[in-house]
file target-v5.cif (mmCIF, C-alpha atoms)
data_protein
loop_
_atom_site.label_atom_id
_atom_site.label_comp_id
_atom_site.auth_asym_id
_atom_site.auth_seq_id
_atom_site.Cartn_x
_atom_site.Cartn_y
_atom_site.Cartn_z
CA MET E 11 98.33 151.96 -191.71
CA ALA E 12 98.71 148.32 -190.72
CA THR E 13 96.39 146.87 -188.13
CA LYS E 14 98.18 145.87 -184.94
CA LYS E 15 97.63 142.17 -184.24
CA ALA E 16 97.47 140.79 -180.75
CA THR E 17 99.84 138.10 -179.58
CA GLY E 18 97.14 135.49 -180.14
CA GLY E 19 96.55 136.75 -183.68
CA HIS E 20 93.42 138.75 -182.85
CA VAL E 21 92.95 142.45 -183.47
CA PRO E 22 92.30 144.55 -180.35
CA LEU E 23 89.35 146.94 -180.39
CA ASP E 24 90.10 150.46 -181.53
CA SER E 25 89.23 153.29 -179.15
CA LYS E 26 85.96 154.22 -180.86
CA THR E 27 84.71 150.61 -180.92
CA ALA E 28 85.71 150.02 -177.29
CA ASP E 29 83.87 153.19 -176.25
CA LYS E 30 80.74 152.17 -178.15
CA LEU E 31 80.81 148.66 -176.64
CA LEU E 32 81.21 150.00 -173.10
CA ASP E 33 78.57 152.72 -173.64
CA LEU E 34 76.02 150.14 -174.73
CA LEU E 35 76.93 147.61 -172.03
CA GLY E 36 76.56 150.38 -169.48
CA SER E 37 73.21 151.67 -170.68
CA ASP E 38 71.27 149.56 -173.19
CA ASN E 39 69.33 146.53 -171.92
CA GLU E 40 68.62 145.17 -175.41
CA PHE E 41 72.32 145.32 -176.33
CA ARG E 42 73.25 143.67 -173.02
CA ARG E 43 70.88 140.77 -173.80
CA LEU E 44 72.43 140.42 -177.26
CA PHE E 45 75.95 140.49 -175.78
CA LYS E 46 75.06 137.76 -173.31
CA LYS E 47 73.37 135.61 -175.97
CA ASP E 48 75.85 136.19 -178.82
CA ALA E 49 78.95 138.25 -178.05
CA ALA E 50 80.18 138.00 -181.64
CA ALA E 51 76.93 139.55 -182.94
CA ALA E 52 77.17 142.30 -180.33
CA LEU E 53 80.75 143.03 -181.34
CA THR E 54 79.69 143.17 -184.98
CA LYS E 55 76.96 145.65 -184.03
CA VAL E 56 79.56 148.02 -182.54
CA GLY E 57 81.78 147.79 -185.61
CA TYR E 58 84.16 144.96 -184.82
CA ALA E 59 84.53 142.08 -187.29
CA PRO E 60 84.58 138.92 -185.16
CA ALA E 61 83.96 136.64 -188.14
CA LYS E 62 87.31 137.73 -189.57
CA ASP E 63 89.34 138.76 -186.54
CA LEU E 64 87.81 136.92 -183.63
CA PRO E 65 86.02 133.63 -184.03
CA ALA E 66 82.85 133.67 -181.93
CA GLN E 67 83.92 130.63 -179.92
CA ASP E 68 87.09 132.45 -178.83
CA PHE E 69 85.20 135.24 -177.07
CA GLY E 70 83.52 132.97 -174.57
CA LYS E 71 80.12 133.32 -172.94
CA VAL E 72 79.01 135.60 -170.17
CA GLY E 73 77.05 133.65 -167.57
CA ARG E 74 75.67 136.57 -165.60
CA ILE E 75 76.52 139.95 -167.11
CA ALA E 76 77.77 142.58 -164.70
CA PRO E 77 75.33 145.32 -163.74
CA LYS E 78 75.60 148.56 -165.67
CA ALA E 79 77.08 150.35 -162.65
CA GLU E 80 79.83 147.73 -162.27
CA ILE E 81 80.79 148.06 -165.94
CA MET E 82 80.82 151.85 -165.73
CA ALA E 83 82.87 151.81 -162.51
CA ALA E 84 85.56 149.75 -164.27
CA ARG E 85 85.22 151.52 -167.62
CA THR E 86 88.77 152.90 -167.76
CA GLN E 87 90.31 149.53 -166.98
CA LEU E 88 87.95 147.69 -169.34
CA LYS E 89 88.74 150.08 -172.18
CA SER E 90 92.46 149.70 -171.61
CA TYR E 91 92.14 145.91 -171.69
CA LEU E 92 89.93 145.88 -174.79
CA GLU E 93 92.45 148.06 -176.65
CA SER E 94 95.50 146.10 -175.51
CA PRO E 95 97.53 143.97 -177.91
CA PHE E 96 97.02 140.84 -175.83
CA THR E 97 95.00 137.77 -176.61
CA PHE E 98 91.31 138.59 -176.67
CA LYS E 99 90.35 135.02 -175.80
CA ARG E 100 88.07 134.65 -172.77
CA CYS E 101 87.60 138.39 -172.57
CA SER E 102 84.02 137.62 -171.61
CA ASP E 103 85.31 136.95 -168.09
CA CYS E 104 85.76 140.71 -167.79
CA PHE E 105 82.00 141.21 -167.96
CA GLU E 106 80.87 138.63 -165.36
CA ALA E 107 78.80 140.12 -162.54
CA GLY E 108 80.84 140.65 -159.39
CA ASN E 109 84.10 139.78 -161.13
CA VAL E 110 84.94 142.73 -163.37
CA ALA E 111 87.60 144.38 -161.21
CA THR E 112 89.05 141.08 -159.98
CA THR E 113 89.35 139.66 -163.49
CA LEU E 114 91.00 142.81 -164.81
CA ARG E 115 93.60 142.71 -162.02
CA ARG E 116 94.53 139.15 -163.08
CA LYS E 117 94.84 139.97 -166.81
#

call {"tool": "encode", "arguments": {"input": "target-v5.cif", "output": "structure tokens"}}
result
Amino acid sequence: MATKKATGGHVPLDSKTADKLLDLLGSDNEFRRLFKKDAAAALTKVGYAPAKDLPAQDFGKVGRIAPKAEIMAARTQLKSYLESPFTFKRCSDCFEAGNVATTLRRK
């Protein structure tokens, strides 16, 4: 089966990878620190291949990561966005504290 490319040429997360990412961002402090420091490494840890599909510089940086509760409250919307065939660039905005729901409404 061919991998569905996003409009920007990136590959969206599959359902399993999106779930794992959101599970860890909503529960694991060590993973959250890694995600904030190096999103590409965090994505690799959950099974995504950013070196091939998503250059690290395209993901952006999270200044202040959203609290676990904020991520979990927006989980359905986040998962839908992560799996969508749209450009993955600046997706890190979706994980900024206090901005998760607002950012997803704009995407």

call {"tool": "residues_around", "arguments": {"input": "target-v5.cif", "residues": "Lys30 of chain E", "least_positions_apart": "4", "cutoff": "7 Å", "atoms": "only C-alpha atoms", "output": "PyMOL selection string"}}
result
chain E and resi 26+34+56

call {"tool": "resolve_selection", "arguments": {"input": "target-v5.cif", "expression": "the PyMOL selection byres ((chain E and resi 87) around 12)", "output": "PyMOL selection string"}}
result
chain E and resi 28-29+32+80-86+88-94+104-105+110-117

call {"tool": "atom_distance", "arguments": {"input": "target-v5.cif", "atom1": "atom CA of Glu106 of chain E", "atom2": "atom CA of Lys46 of chain E"}}
result
9.9 Å

call {"tool": "closest_residue", "arguments": {"input": "target-v5.cif", "among": "E:Leu53, E:Gly73, E:Ala79, E:Tyr58", "to": "Gly36 of chain E", "atoms": "all atoms listed in the file"}}
result
E:Ala79

call {"tool": "atom_distance", "arguments": {"input": "target-v5.cif", "atom1": "atom CA of Lys78 of chain E", "atom2": "atom CA of Gly57 of chain E"}}
result
20.9 Å

call {"tool": "atom_distance", "arguments": {"input": "target-v5.cif", "atom1": "atom CA of Glu40 of chain E", "atom2": "atom CA of Ala52 of chain E"}}
result
10.3 Å

call {"tool": "axis_aligned_box", "arguments": {"input": "target-v5.cif", "around": "segment 71-81 of chain E", "padding_each_side": "5 Å", "output": "JSON"}}
result
{"center_x": 78.1, "center_y": 141.8, "center_z": -167.6, "size_x": 15.5, "size_y": 27.0, "size_z": 20.7}

call {"tool": "closest_residue", "arguments": {"input": "target-v5.cif", "among": "E:Asp24, E:Thr54, E:Asp38, E:Leu44", "to": "Pro77 of chain E", "atoms": "only C-alpha atoms"}}
result
E:Asp38

call {"tool": "closest_residue", "arguments": {"input": "target-v5.cif", "among": "E:Lys71, E:Pro95, E:Pro22, E:Ala76", "to": "Ala50 of chain E", "atoms": "all atoms listed in the file"}}
result
E:Lys71
